[in-house]
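**Q** Pasting model_9.txt here (compact mmCIF, C-alpha atoms and all ligand atoms):
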```
# COMPACT_ATOMS: atom_id res chain seq x y z
CA MET A 1 0.00 0.00 0.00
CA LEU A 2 2.89 2.40 0.70
CA LEU A 3 4.31 2.09 -2.82
CA VAL A 4 7.33 4.33 -3.08
CA LEU A 5 6.73 5.96 0.28
CA HIS A 6 9.45 3.82 1.79
CA ALA A 7 12.35 6.20 2.29
CA LYS A 8 14.12 6.10 5.64
CA ILE A 9 15.64 8.95 7.59
CA PRO A 10 19.43 8.58 7.65
CA THR A 11 21.09 8.27 11.06
CA VAL A 12 23.15 11.33 11.94
CA LYS A 13 26.77 10.57 12.88
CA ARG A 14 28.42 13.08 15.19
CA GLU A 15 31.14 11.26 17.15
CA ASP A 16 33.96 12.60 15.00
CA GLN A 17 32.82 16.23 15.20
CA THR A 18 33.90 18.84 17.73
CA PRO A 19 31.07 19.90 20.05
CA THR A 20 29.71 23.40 19.39
CA PHE A 21 28.96 23.80 23.11
CA TRP A 22 28.14 21.72 26.16
CA VAL A 23 25.03 21.48 28.31
CA ARG A 24 26.95 20.56 31.47
CA ASP A 25 28.40 17.19 30.35
CA VAL A 26 26.21 16.74 27.26
CA PRO A 27 27.99 17.78 24.05
CA ILE A 28 25.91 19.62 21.45
CA TYR A 29 26.88 19.43 17.80
CA GLY A 30 25.49 22.35 15.81
CA ASP A 31 23.95 25.73 16.44
CA ALA A 32 20.42 25.55 15.03
CA ILE A 33 17.73 23.76 17.00
CA LEU A 34 14.09 22.89 16.36
CA ALA A 35 11.95 24.67 18.99
CA PRO A 36 9.57 22.65 21.15
CA MET A 37 6.17 23.11 19.50
CA ALA A 38 3.06 21.31 20.68
CA GLY A 39 1.41 19.76 17.65
CA TYR A 40 4.57 19.93 15.53
CA SER A 41 7.78 18.82 17.25
CA ASP A 42 6.68 15.22 17.67
CA VAL A 43 9.00 12.26 17.20
CA THR A 44 8.37 12.27 13.44
CA TYR A 45 9.24 15.89 12.72
CA ARG A 46 12.19 15.80 15.11
CA ALA A 47 13.59 12.91 13.06
CA VAL A 48 13.23 14.94 9.86
CA CYS A 49 14.85 18.01 11.44
CA GLN A 50 17.67 16.05 13.06
CA ALA A 51 18.47 14.54 9.66
CA HIS A 52 18.72 18.08 8.30
CA GLY A 53 20.99 19.22 11.13
CA SER A 54 18.86 20.29 14.10
CA ALA A 55 21.26 19.98 17.02
CA MET A 56 18.86 19.18 19.87
CA ASN A 57 15.54 17.32 20.10
CA TYR A 58 13.09 19.09 22.40
CA THR A 59 9.81 17.26 22.92
CA GLU A 60 6.45 19.00 23.02
CA PHE A 61 5.71 20.09 26.59
CA VAL A 62 3.84 17.83 29.04
CA ALA A 63 2.15 18.86 32.30
CA SER A 64 3.82 17.46 35.40
CA GLU A 65 0.43 16.25 36.67
CA ALA A 66 -0.11 14.21 33.51
CA LEU A 67 3.13 12.37 34.22
CA LEU A 68 2.34 11.51 37.82
CA GLY A 69 -0.73 9.32 37.40
CA GLU A 70 -1.56 6.32 35.27
CA PRO A 71 -0.23 6.10 31.71
CA ASN A 72 -2.24 8.41 29.47
CA PRO A 73 -2.05 9.81 25.91
CA HIS A 74 0.07 12.81 27.04
CA TRP A 75 2.94 10.43 27.66
CA ARG A 76 3.21 9.84 23.91
CA ARG A 77 4.65 13.34 23.60
CA LEU A 78 7.81 11.97 25.18
CA ASP A 79 8.15 9.09 22.72
CA CYS A 80 11.49 9.28 21.01
CA LYS A 81 13.75 7.26 18.76
CA LYS A 82 16.87 5.39 19.81
CA ASP A 83 19.11 7.48 17.56
CA GLU A 84 17.73 10.86 18.66
CA TYR A 85 20.46 12.89 20.27
CA PRO A 86 20.22 14.71 22.54
CA VAL A 87 16.66 14.15 23.71
CA VAL A 88 15.28 17.01 25.83
CA PHE A 89 12.05 16.19 27.67
CA GLN A 90 10.13 19.40 28.32
CA ILE A 91 7.68 19.60 31.24
CA PHE A 92 5.64 22.36 32.86
CA GLY A 93 3.86 22.95 36.15
CA ASN A 94 3.39 25.35 39.04
CA ASP A 95 4.53 23.19 41.93
CA ALA A 96 8.21 22.39 42.51
CA GLN A 97 7.57 19.07 44.29
CA LYS A 98 5.30 17.85 41.50
CA LEU A 99 7.80 18.98 38.87
CA LEU A 100 10.47 17.03 40.73
CA ALA A 101 8.31 13.92 41.03
CA ALA A 102 7.43 14.09 37.32
CA ALA A 103 11.07 14.68 36.36
CA GLN A 104 12.23 11.75 38.49
CA ARG A 105 9.69 9.50 36.85
CA ILE A 106 10.64 10.48 33.30
CA GLU A 107 14.35 10.42 34.04
CA GLU A 108 13.95 6.63 34.02
CA TRP A 109 13.01 6.91 30.35
CA GLU A 110 16.56 8.11 29.74
CA PRO A 111 16.42 11.60 28.23
CA HIS A 112 19.75 13.40 28.00
CA ILE A 113 18.31 16.64 29.44
CA ILE A 114 15.11 17.73 31.23
CA ASP A 115 13.77 21.21 30.46
CA ILE A 116 11.28 23.34 32.36
CA ASN A 117 8.89 25.37 30.23
CA MET A 118 8.69 28.91 31.56
CA GLY A 119 7.54 30.49 28.33
CA CYS A 120 4.08 29.20 27.52
CA SER A 121 1.72 32.17 27.27
CA VAL A 122 -1.52 30.21 26.83
CA GLU A 123 -3.97 31.43 29.49
CA LYS A 124 -4.84 28.03 30.98
CA VAL A 125 -1.12 27.39 31.58
CA SER A 126 0.31 30.82 32.46
CA GLY A 127 -2.84 31.85 34.36
CA ARG A 128 -2.26 29.09 36.91
CA GLY A 129 1.36 30.05 37.45
CA ALA A 130 2.93 27.52 35.09
CA GLY A 131 4.74 28.27 31.81
CA VAL A 132 5.60 31.96 31.73
CA GLY A 133 3.52 32.29 34.91
CA MET A 134 6.55 30.84 36.72
CA MET A 135 8.48 34.00 35.85
CA THR A 136 6.23 35.98 38.21
CA GLN A 137 7.30 33.69 41.08
CA PRO A 138 11.08 33.90 41.54
CA LYS A 139 10.90 31.72 44.69
CA LEU A 140 9.20 28.94 42.75
CA VAL A 141 11.87 29.18 40.06
CA ALA A 142 14.64 28.94 42.69
CA GLU A 143 12.98 26.01 44.45
CA THR A 144 12.32 24.13 41.22
CA PHE A 145 15.85 24.41 39.82
CA SER A 146 17.44 23.77 43.19
CA LEU A 147 15.39 20.58 43.73
CA LEU A 148 15.71 19.23 40.22
CA SER A 149 19.41 19.90 39.83
CA LYS A 150 20.06 18.27 43.20
CA HIS A 151 17.98 15.15 42.63
CA LEU A 152 18.37 14.42 38.92
CA SER A 153 21.45 13.04 37.28
CA VAL A 154 20.72 14.65 33.89
CA PRO A 155 21.21 18.40 33.33
CA VAL A 156 18.19 20.63 34.00
CA THR A 157 17.51 23.55 31.68
CA GLY A 158 14.78 26.15 31.22
CA LYS A 159 13.07 28.06 28.43
CA ILE A 160 11.88 31.54 29.31
CA ARG A 161 10.41 34.70 27.76
CA LEU A 162 11.31 38.33 28.52
CA GLY A 163 8.75 38.36 31.31
CA TRP A 164 5.03 38.85 31.79
CA ASP A 165 4.62 42.23 30.12
CA ASP A 166 6.58 45.39 29.34
CA THR A 167 6.43 46.49 32.98
CA GLN A 168 7.84 43.15 34.18
CA ARG A 169 10.69 42.24 31.87
CA ASN A 170 12.53 40.29 34.59
CA TYR A 171 14.47 37.86 32.38
CA LEU A 172 17.85 38.79 33.87
CA GLU A 173 16.66 38.26 37.44
CA ILE A 174 15.05 34.92 36.54
CA ALA A 175 18.05 33.76 34.52
CA ARG A 176 20.43 34.50 37.40
CA ILE A 177 18.16 32.61 39.80
CA MET A 178 18.11 29.67 37.40
CA GLU A 179 21.87 29.66 37.07
CA GLU A 180 22.47 30.03 40.83
CA ASN A 181 20.18 27.07 41.41
CA GLY A 182 21.78 24.69 38.96
CA ALA A 183 20.30 25.35 35.50
CA SER A 184 22.70 24.16 32.80
CA LEU A 185 21.30 26.17 29.87
CA ILE A 186 18.79 28.95 29.28
CA ALA A 187 16.77 29.33 26.10
CA MET A 188 14.94 32.62 25.68
CA HIS A 189 12.13 33.65 23.34
CA GLY A 190 12.55 37.40 22.94
CA ARG A 191 8.95 38.40 23.66
CA THR A 192 6.84 38.95 26.77
CA LYS A 193 3.78 36.89 27.62
CA GLU A 194 1.56 39.83 26.64
CA GLN A 195 3.23 40.03 23.22
CA ARG A 196 2.56 36.32 22.61
CA TYR A 197 3.76 35.99 19.00
CA HIS A 198 3.28 39.61 17.91
CA PHE A 199 5.78 42.43 17.47
CA LYS A 200 9.44 41.93 16.79
CA ALA A 201 11.44 39.59 19.03
CA ASP A 202 13.95 41.58 21.10
CA TRP A 203 17.40 40.31 20.13
CA ASP A 204 19.10 43.03 22.24
CA ALA A 205 17.63 41.32 25.31
CA ILE A 206 19.07 37.97 24.18
CA ALA A 207 22.49 39.67 23.84
CA GLU A 208 22.09 41.09 27.34
CA LEU A 209 21.19 37.67 28.73
CA LYS A 210 24.23 36.08 27.10
CA GLN A 211 26.45 38.65 28.83
CA ALA A 212 24.76 38.12 32.19
CA VAL A 213 25.11 34.34 32.62
CA SER A 214 27.89 31.84 32.12
CA VAL A 215 25.74 28.86 31.10
CA PRO A 216 24.99 28.47 27.38
CA VAL A 217 22.19 30.63 25.96
CA ILE A 218 19.89 29.72 23.09
CA GLY A 219 18.23 32.66 21.34
CA ASN A 220 14.73 32.30 19.95
CA GLY A 221 12.31 34.42 17.94
CA ASP A 222 11.81 35.52 14.34
CA ILE A 223 14.25 33.25 12.52
CA ARG A 224 13.05 32.47 9.01
CA THR A 225 16.19 32.28 6.85
CA PRO A 226 19.82 31.13 7.10
CA ASP A 227 20.78 34.77 7.14
CA ASP A 228 18.55 35.31 10.20
CA ILE A 229 20.48 32.53 11.97
CA ARG A 230 23.77 34.23 11.20
CA ARG A 231 22.40 37.65 12.18
CA MET A 232 21.02 36.47 15.51
CA LYS A 233 24.28 34.74 16.37
CA ALA A 234 26.32 37.81 15.47
CA HIS A 235 23.95 40.21 17.22
CA THR A 236 23.55 38.30 20.47
CA GLY A 237 26.61 36.05 20.78
CA CYS A 238 24.22 33.22 21.68
CA ASP A 239 25.52 29.66 21.58
CA ALA A 240 22.73 28.46 19.32
CA VAL A 241 19.44 29.61 17.85
CA MET A 242 16.09 27.91 18.26
CA ILE A 243 13.62 27.96 15.38
CA GLY A 244 9.89 27.41 15.72
CA ARG A 245 7.38 28.57 13.13
CA GLY A 246 10.05 29.25 10.51
CA ALA A 247 11.10 25.60 10.60
CA VAL A 248 7.68 24.15 9.86
CA GLY A 249 7.77 23.02 6.23
CA ASN A 250 11.39 24.13 6.08
CA PRO A 251 13.71 21.65 7.85
CA TRP A 252 16.45 22.69 5.39
CA LEU A 253 16.94 25.77 7.56
CA PHE A 254 18.91 23.59 9.99
CA SER A 255 21.53 23.03 7.32
CA TYR A 256 21.56 26.70 6.36
CA ARG A 257 19.88 26.03 3.04
CA GLU A 258 17.98 28.87 1.35
CA ARG A 259 14.40 27.78 0.65
CA ALA A 260 14.59 29.31 -2.82
CA THR A 261 17.55 27.11 -3.80
CA LEU A 262 15.70 23.84 -3.17
CA THR A 263 14.69 21.77 -6.14
CA ARG A 264 11.18 20.40 -6.32
CA ALA A 265 12.74 16.92 -6.20
CA GLU A 266 14.30 17.74 -2.81
CA ILE A 267 11.00 19.03 -1.49
CA ALA A 268 9.15 15.94 -2.75
CA ALA A 269 11.78 13.63 -1.22
CA THR A 270 11.43 15.25 2.22
CA ILE A 271 7.63 15.17 1.97
CA ARG A 272 7.87 11.42 1.30
CA LEU A 273 10.28 10.87 4.21
CA HIS A 274 8.17 12.87 6.62
CA LEU A 275 4.90 11.25 5.58
CA GLN A 276 6.50 7.81 5.91
CA GLU A 277 7.62 8.70 9.45
CA MET A 278 4.07 9.81 10.30
CA LEU A 279 2.50 6.66 8.84
CA ASP A 280 4.96 4.48 10.74
CA TYR A 281 4.22 6.24 13.99
CA TYR A 282 0.52 7.23 13.85
CA GLU A 283 -0.51 4.56 11.30
CA TYR A 284 -2.90 4.98 8.41
CA PRO A 285 -5.11 7.04 8.11
CA ASP A 286 -4.25 9.15 11.21
CA GLY A 287 -0.67 9.74 10.05
CA MET A 288 -1.87 11.00 6.70
CA ILE A 289 -4.46 13.33 8.18
CA LYS A 290 -2.03 14.73 10.76
CA PHE A 291 0.48 15.28 7.97
CA HIS A 292 -1.74 17.87 6.23
CA ARG A 293 -0.64 20.75 8.51
CA HIS A 294 2.97 20.08 7.50
CA LEU A 295 2.13 19.53 3.84
CA ARG A 296 0.61 23.01 3.55
CA ARG A 297 3.86 24.47 4.84
CA TYR A 298 6.03 22.40 2.50
CA PHE A 299 4.08 23.99 -0.37
CA LYS A 300 4.53 27.53 0.98
CA GLY A 301 5.83 29.80 -1.77
CA LEU A 302 5.19 27.26 -4.54
CA PRO A 303 2.64 28.34 -7.17
CA LEU A 304 0.91 24.96 -6.87
CA LYS A 305 -2.26 25.54 -4.83
CA PRO A 306 -4.44 23.28 -7.02
CA LEU A 307 -1.96 20.38 -6.58
CA LEU A 308 -1.82 20.96 -2.82
CA ASN A 309 -5.63 20.91 -2.66
CA ARG A 310 -5.75 17.61 -4.53
CA LEU A 311 -3.09 16.11 -2.22
CA ILE A 312 -5.06 17.18 0.83
CA ALA A 313 -8.33 15.93 -0.62
CA THR A 314 -7.14 12.34 -1.05
CA ASN A 315 -6.82 9.71 1.64
CA ASP A 316 -5.54 7.19 -0.85
CA LEU A 317 -1.80 6.63 -0.58
CA ALA A 318 -1.36 5.44 -4.16
CA GLU A 319 -3.16 8.51 -5.46
CA PHE A 320 -1.14 10.74 -3.11
CA ASP A 321 2.04 9.23 -4.47
CA ASP A 322 0.96 9.77 -8.09
CA LEU A 323 0.07 13.38 -7.33
CA LEU A 324 3.42 13.94 -5.68
CA ASN A 325 5.04 12.88 -8.93
CA GLU A 326 3.51 16.02 -10.43
CA LEU A 327 5.62 18.05 -7.98
CA ALA A 328 8.73 16.16 -9.06
CA PRO A 329 8.77 13.03 -11.22
CA PRO A 330 10.69 10.11 -9.65
CA ALA A 331 14.43 10.24 -10.41
C1 LIG B 401 2.12 25.85 17.65
C2 LIG B 401 3.16 26.21 18.69
C3 LIG B 401 3.37 25.35 19.76
C4 LIG B 401 4.34 25.66 20.72
N1 LIG B 401 4.56 24.79 21.75
C5 LIG B 401 5.58 25.02 22.63
C6 LIG B 401 5.94 24.06 23.62
O1 LIG B 401 5.35 22.97 23.74
N2 LIG B 401 6.97 24.38 24.45
C7 LIG B 401 7.67 25.56 24.35
O2 LIG B 401 8.62 25.79 25.11
N3 LIG B 401 7.35 26.47 23.42
C8 LIG B 401 6.34 26.22 22.55
N4 LIG B 401 6.08 27.12 21.56
C9 LIG B 401 6.94 28.33 21.43
C10 LIG B 401 8.12 28.06 20.49
O3 LIG B 401 9.00 27.09 21.05
C11 LIG B 401 8.92 29.35 20.21
O4 LIG B 401 9.39 29.85 21.43
C12 LIG B 401 8.08 30.43 19.53
O5 LIG B 401 7.33 29.88 18.46
C13 LIG B 401 8.96 31.58 19.02
O6 LIG B 401 9.89 31.12 18.06
P1 LIG B 401 9.66 31.37 16.47
O7 LIG B 401 9.57 32.86 16.26
O8 LIG B 401 10.88 30.76 15.82
O9 LIG B 401 8.38 30.67 16.10
C14 LIG B 401 5.11 26.85 20.61
C15 LIG B 401 4.88 27.71 19.53
C16 LIG B 401 3.94 27.39 18.58
C17 LIG B 401 3.75 28.34 17.40
```
Output the file's structure as C-alpha cells, nothing else.
Ligand SMILES: Cc1cc2nc3c(=O)[nH]c(=O)nc-3n(C[C@H](O)[C@H](O)[C@H](O)COP(=O)(O)O)c2cc1C

**A**
Amino acid sequence: MLLVLHAKIPTVKREDQTPTFWVRDVPIYGDAILAPMAGYSDVTYRAVCQAHGSAMNYTEFVASEALLGEPNPHWRRLDCKKDEYPVVFQIFGNDAQKLLAAAQRIEEWEPHIIDINMGCSVEKVSGRGAGVGMMTQPKLVAETFSLLSKHLSVPVTGKIRLGWDDTQRNYLEIARIMEENGASLIAMHGRTKEQRYHFKADWDAIAELKQAVSVPVIGNGDIRTPDDIRRMKAHTGCDAVMIGRGAVGNPWLFSYRERATLTRAEIAATIRLHLQEMLDYYEYPDGMIKFHRHLRRYFKGLPLKPLLNRLIATNDLAEFDDLLNELAPPA
C-alpha cells in the first residue's frame, strides 16, 4: 500500500565532530535547533529536522500532573527514537515538588536533558502560574531548579520569555536565579507573555542575557532564513538559535539552506520521508491526516495551490504518491 513511500531517515553521525557547546556534560553538535512546539515537534518531525541538522531534540511540553498518574495519551509526547540525540524532555507545572516527582519518573526513560517550560503564554497554563507564569514567582523558580538539579542526574535547563509584560521584563533576574540554582542552559524567546507571538522579538535582550550568565544561551524568535540565523548569532553572541514557526515546512533551515535554492525533487523527497515517518508512527489514516498541517507548509511559496488541494483531498496513498510525482517526477 505504501508504494514508493518507503524512504528512511538517515542516522546522523556526530562522534567525530567537535562539540559546538556543552550542556553541562552533554555535548551539542550544531547551532540551530528545532523549537519545542506542541502539535509539531513530535518524534516524526524531530527525526526529519535532526536529519537536516537540528542539534537538539526538544519534545512537546507535558504537564507534570499528567506524568504523575496512570499512563495516558500525554505520555506519547515523550516518545522518542533510539538514535535521537540529545533528547530534551520538556515539562511544565506550578509546583516544585510535583515537577520534581514528574522529572524523576521520566528520568527513568533516559532523556539526555530535562527542560522546564517557563515560556508558555496560553492562558490556561500561564494563568495558573505555570509556563511563563513561573516568571512571576522567583521563589518557585529557585525552588524548582534547586530541587531538580540536586535530585536528577541529567542536566536541567529552562526556556523563558522576557517576562510577563513590558512592565515586568525580569528575564535577567530569573536567569540569574536559574543559574544560581543549577540550571545548565537557558533558552529565551525574545517576547513577553503579553506580546505572545506579535511584534518583533527583542534580540538586544538575548544579547544582554548572554552577557549576564555563564551557562549556554539559546536565542529564539523571528528566525526564518539562514541569514537570520547568522544575524542572531552575530547580534547576540548566543551559543545556538532555536527555530519554531520558521522551521515548519522548512527543515532545510537547519543546514543553512535557502528555501529558494531547493529543487522540487528535494522538497518531494522530504515530503515522502516525513509522511512515511508519520505513517509508521501514527498509522494509516491518522498519520496521513495529521500530515496535512505540515504539507501546507512544505508547499509555501510554490505556485501549486491546485496540486496541494488535490493532495489534501485524497486519503488514498497510491493517489497521493501519483500526485506527488507532479511536484517532481521520480528520479
Ligand atoms: C504551535 C506552537 C506550539 C508551541 N509549543 C511550545 C511548547 O510545547 N513548548 C515551548 O517551550 N514552546 C512552545 N512554543 C513556542 C516556540 O517554542 C517558540 O518559542 C516560539 O514559536 C517563538 O519562536 P519562532 O519565532 O521561531 O516561532 C510553541 C509555539 C507554537 C507556534

**Q** Quick one: which range 142-182 of chain A residues come within 12 Å of range 37-59 of chain A, and what is the nearest atom pair for each with the distance in Å to one decimal, counting only C-alpha atoms, rows ordered by chain and ascending number, as a Markdown table?

**A**
```
| residue | atom | partner | partner_atom | distance |
| --- | --- | --- | --- | --- |
| A:Thr157 | CA | A:Tyr58 | CA | 11.2 |
| A:Gly158 | CA | A:Tyr58 | CA | 11.4 |
| A:Lys159 | CA | A:Tyr58 | CA | 10.8 |
```

**Q** Which residues sit within 9 Å of ligand LIG 401 (chain B), counting only C-alpha atoms and all ligand atoms, listed as a PDB file with C-alpha atoms, keeping the file's coordinate frame?

**A**
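Generated file (out20.pdb):
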```pdb
ATOM      1  CA  LEU A  34      14.090  22.890  16.360  1.00  0.00           C
ATOM      2  CA  ALA A  35      11.950  24.670  18.990  1.00  0.00           C
ATOM      3  CA  PRO A  36       9.570  22.650  21.150  1.00  0.00           C
ATOM      4  CA  MET A  37       6.170  23.110  19.500  1.00  0.00           C
ATOM      5  CA  ALA A  38       3.060  21.310  20.680  1.00  0.00           C
ATOM      6  CA  GLY A  39       1.410  19.760  17.650  1.00  0.00           C
ATOM      7  CA  TYR A  40       4.570  19.930  15.530  1.00  0.00           C
ATOM      8  CA  SER A  41       7.780  18.820  17.250  1.00  0.00           C
ATOM      9  CA  TYR A  58      13.090  19.090  22.400  1.00  0.00           C
ATOM     10  CA  THR A  59       9.810  17.260  22.920  1.00  0.00           C
ATOM     11  CA  GLU A  60       6.450  19.000  23.020  1.00  0.00           C
ATOM     12  CA  PHE A  61       5.710  20.090  26.590  1.00  0.00           C
ATOM     13  CA  VAL A  62       3.840  17.830  29.040  1.00  0.00           C
ATOM     14  CA  GLN A  90      10.130  19.400  28.320  1.00  0.00           C
ATOM     15  CA  ILE A  91       7.680  19.600  31.240  1.00  0.00           C
ATOM     16  CA  PHE A  92       5.640  22.360  32.860  1.00  0.00           C
ATOM     17  CA  ASP A 115      13.770  21.210  30.460  1.00  0.00           C
ATOM     18  CA  ILE A 116      11.280  23.340  32.360  1.00  0.00           C
ATOM     19  CA  ASN A 117       8.890  25.370  30.230  1.00  0.00           C
ATOM     20  CA  MET A 118       8.690  28.910  31.560  1.00  0.00           C
ATOM     21  CA  GLY A 119       7.540  30.490  28.330  1.00  0.00           C
ATOM     22  CA  CYS A 120       4.080  29.200  27.520  1.00  0.00           C
ATOM     23  CA  SER A 121       1.720  32.170  27.270  1.00  0.00           C
ATOM     24  CA  GLY A 131       4.740  28.270  31.810  1.00  0.00           C
ATOM     25  CA  GLY A 158      14.780  26.150  31.220  1.00  0.00           C
ATOM     26  CA  LYS A 159      13.070  28.060  28.430  1.00  0.00           C
ATOM     27  CA  ILE A 160      11.880  31.540  29.310  1.00  0.00           C
ATOM     28  CA  ARG A 161      10.410  34.700  27.760  1.00  0.00           C
ATOM     29  CA  ALA A 187      16.770  29.330  26.100  1.00  0.00           C
ATOM     30  CA  MET A 188      14.940  32.620  25.680  1.00  0.00           C
ATOM     31  CA  HIS A 189      12.130  33.650  23.340  1.00  0.00           C
ATOM     32  CA  GLY A 190      12.550  37.400  22.940  1.00  0.00           C
ATOM     33  CA  ARG A 191       8.950  38.400  23.660  1.00  0.00           C
ATOM     34  CA  ARG A 196       2.560  36.320  22.610  1.00  0.00           C
ATOM     35  CA  TYR A 197       3.760  35.990  19.000  1.00  0.00           C
ATOM     36  CA  ALA A 201      11.440  39.590  19.030  1.00  0.00           C
ATOM     37  CA  ASN A 220      14.730  32.300  19.950  1.00  0.00           C
ATOM     38  CA  GLY A 221      12.310  34.420  17.940  1.00  0.00           C
ATOM     39  CA  ASP A 222      11.810  35.520  14.340  1.00  0.00           C
ATOM     40  CA  ILE A 223      14.250  33.250  12.520  1.00  0.00           C
ATOM     41  CA  ARG A 224      13.050  32.470   9.010  1.00  0.00           C
ATOM     42  CA  VAL A 241      19.440  29.610  17.850  1.00  0.00           C
ATOM     43  CA  MET A 242      16.090  27.910  18.260  1.00  0.00           C
ATOM     44  CA  ILE A 243      13.620  27.960  15.380  1.00  0.00           C
ATOM     45  CA  GLY A 244       9.890  27.410  15.720  1.00  0.00           C
ATOM     46  CA  ARG A 245       7.380  28.570  13.130  1.00  0.00           C
ATOM     47  CA  GLY A 246      10.050  29.250  10.510  1.00  0.00           C
ATOM     48  CA  ALA A 247      11.100  25.600  10.600  1.00  0.00           C
TER      49      ALA A 247
END
```

**Q** A:Lys300, A:Arg14, A:Lys193, A:Arg272: which is nearest Phe320 in chain A, counting only C-alpha atoms?

**A**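 Comparing A:Lys300, A:Arg14, A:Lys193, A:Arg272 against Phe320 in chain A, the winner is A:Arg272.
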
**Q** Would you mind listing what lies within 6 Å of range 209-217 of chain A as an mmCIF file with C-alpha atoms, keeping the file's coordinate frame, with only C-alpha atoms counted and same-chain residues fewer than 4 positions away left out?

**A**
```
data_model
loop_
_atom_site.group_PDB
_atom_site.id
_atom_site.type_symbol
_atom_site.label_atom_id
_atom_site.label_comp_id
_atom_site.auth_asym_id
_atom_site.auth_seq_id
_atom_site.Cartn_x
_atom_site.Cartn_y
_atom_site.Cartn_z
ATOM 1 C CA SER A 184 22.700 24.160 32.800
ATOM 2 C CA LEU A 185 21.300 26.170 29.870
ATOM 3 C CA ILE A 186 18.790 28.950 29.280
ATOM 4 C CA ALA A 187 16.770 29.330 26.100
ATOM 5 C CA CYS A 238 24.220 33.220 21.680
ATOM 6 C CA ASP A 239 25.520 29.660 21.580
#
```

**Q** Would you mind reading off the distance between CA of Ala265 in chain A and CA of Ala328 in chain A, one decimal, in Å?

**A**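 Answer for the CA of Ala265 in chain A to CA of Ala328 in chain A separation: 5.0 Å.
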
**Q** Which residues come within 8 Å of range 225-234 of chain A, counting all atoms listed in the file, excluding same-chain residues fewer than 5 positions away, as a list of chain:residue names?

**A**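 Residues near the query, excluding close chain neighbours: A:Ala32, A:Trp203, A:Gly219, A:Asp239, A:Ala240, A:Val241, A:Gly246, A:Leu253, A:Tyr256, A:Arg257, A:Glu258, A:Arg259.
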
**Q** Would you work out the distance separating CA of Gly69 in chain A from CA of Ala102 in chain A, expressed in Å to one decimal?

**A** 9.5 Å

**Q** For Tyr298 in chain A, work out the shell of residues within 8 Å, counting only C-alpha atoms and skipping chain neighbours fewer than 5 positions away, then give it as a ChimeraX atom specification.

**A** /A:248-250,267,271

**Q** Suppose you want the space between CA of Tyr284 in chain A and CA of Val87 in chain A; what is it in Å?

**A** 26.5 Å

**Q** I'd like the contact shell of Asn181 in chain A - 7 Å cut-off, all atoms listed in the file, skipping same-chain residues fewer than 4 positions apart - returned as a PDB file with C-alpha atoms, in the coordinates of the input.

**A**
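Output contents, as saved in around.pdb:
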```pdb
ATOM      1  CA  ALA A 142      14.640  28.940  42.690  1.00  0.00           C
ATOM      2  CA  PHE A 145      15.850  24.410  39.820  1.00  0.00           C
ATOM      3  CA  SER A 146      17.440  23.770  43.190  1.00  0.00           C
ATOM      4  CA  ILE A 177      18.160  32.610  39.800  1.00  0.00           C
TER       5      ILE A 177
END
```

**Q** Looking at A:Pro73, A:Pro155, A:Pro138, A:Pro111, which one is nearest to Trp22 in chain A, with distances taken over only C-alpha atoms?

**A**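 Under the stated criterion, the closest residue is A:Pro155.
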
**Q** For a quick check of understanding, using only C-alpha atoms, which of A:Ala101, A:Ile289, A:Ala96, A:Val23 has the smallest distance to Lys139 in chain A?

**A** A:Ala96

**Q** With 12 Å as the threshold, what does the neighbourhood of (4.1, 4.6, 11.1) contain in terms of residues, counting all atoms listed in the file? Coordinates are those of the file; answer as a JSON list (two decimals) with C-alpha atoms, keeping the file's coordinate frame.

**A**
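The result, stored in selection-v8.json:
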```json
[["chain", "number", "residue", "atom", "x", "y", "z"],
["A", 2, "LEU", "CA", 2.89, 2.40, 0.70],
["A", 5, "LEU", "CA", 6.73, 5.96, 0.28],
["A", 6, "HIS", "CA", 9.45, 3.82, 1.79],
["A", 8, "LYS", "CA", 14.12, 6.10, 5.64],
["A", 43, "VAL", "CA", 9.00, 12.26, 17.20],
["A", 44, "THR", "CA", 8.37, 12.27, 13.44],
["A", 273, "LEU", "CA", 10.28, 10.87, 4.21],
["A", 274, "HIS", "CA", 8.17, 12.87, 6.62],
["A", 275, "LEU", "CA", 4.90, 11.25, 5.58],
["A", 276, "GLN", "CA", 6.50, 7.81, 5.91],
["A", 277, "GLU", "CA", 7.62, 8.70, 9.45],
["A", 278, "MET", "CA", 4.07, 9.81, 10.30],
["A", 279, "LEU", "CA", 2.50, 6.66, 8.84],
["A", 280, "ASP", "CA", 4.96, 4.48, 10.74],
["A", 281, "TYR", "CA", 4.22, 6.24, 13.99],
["A", 282, "TYR", "CA", 0.52, 7.23, 13.85],
["A", 283, "GLU", "CA", -0.51, 4.56, 11.30],
["A", 284, "TYR", "CA", -2.90, 4.98, 8.41],
["A", 285, "PRO", "CA", -5.11, 7.04, 8.11],
["A", 286, "ASP", "CA", -4.25, 9.15, 11.21],
["A", 287, "GLY", "CA", -0.67, 9.74, 10.05],
["A", 288, "MET", "CA", -1.87, 11.00, 6.70],
["A", 290, "LYS", "CA", -2.03, 14.73, 10.76],
["A", 291, "PHE", "CA", 0.48, 15.28, 7.97]]
```

**Q** Since the input lacks atoms, please generate N, CA and C atoms for range 230-235 of chain A and provide them as an mmCIF file, in the frame of the given file.

**A**
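Written file, out-v8.cif:
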```
data_model
loop_
_atom_site.group_PDB
_atom_site.id
_atom_site.type_symbol
_atom_site.label_atom_id
_atom_site.label_comp_id
_atom_site.auth_asym_id
_atom_site.auth_seq_id
_atom_site.Cartn_x
_atom_site.Cartn_y
_atom_site.Cartn_z
ATOM 1 N N ARG A 230 22.460 33.571 11.086
ATOM 2 C CA ARG A 230 23.770 34.230 11.200
ATOM 3 C C ARG A 230 23.639 35.569 11.907
ATOM 4 N N ARG A 231 22.579 36.318 11.567
ATOM 5 C CA ARG A 231 22.400 37.650 12.180
ATOM 6 C C ARG A 231 22.139 37.535 13.675
ATOM 7 N N MET A 232 21.283 36.589 14.068
ATOM 8 C CA MET A 232 21.020 36.470 15.510
ATOM 9 C C MET A 232 22.285 36.085 16.265
ATOM 10 N N LYS A 233 23.046 35.168 15.686
ATOM 11 C CA LYS A 233 24.280 34.740 16.370
ATOM 12 C C LYS A 233 25.248 35.913 16.504
ATOM 13 N N ALA A 234 25.389 36.681 15.423
ATOM 14 C CA ALA A 234 26.320 37.810 15.470
ATOM 15 C C ALA A 234 25.824 38.898 16.417
ATOM 16 N N HIS A 235 24.522 39.134 16.411
ATOM 17 C CA HIS A 235 23.950 40.210 17.220
ATOM 18 C C HIS A 235 23.979 39.900 18.708
#
```
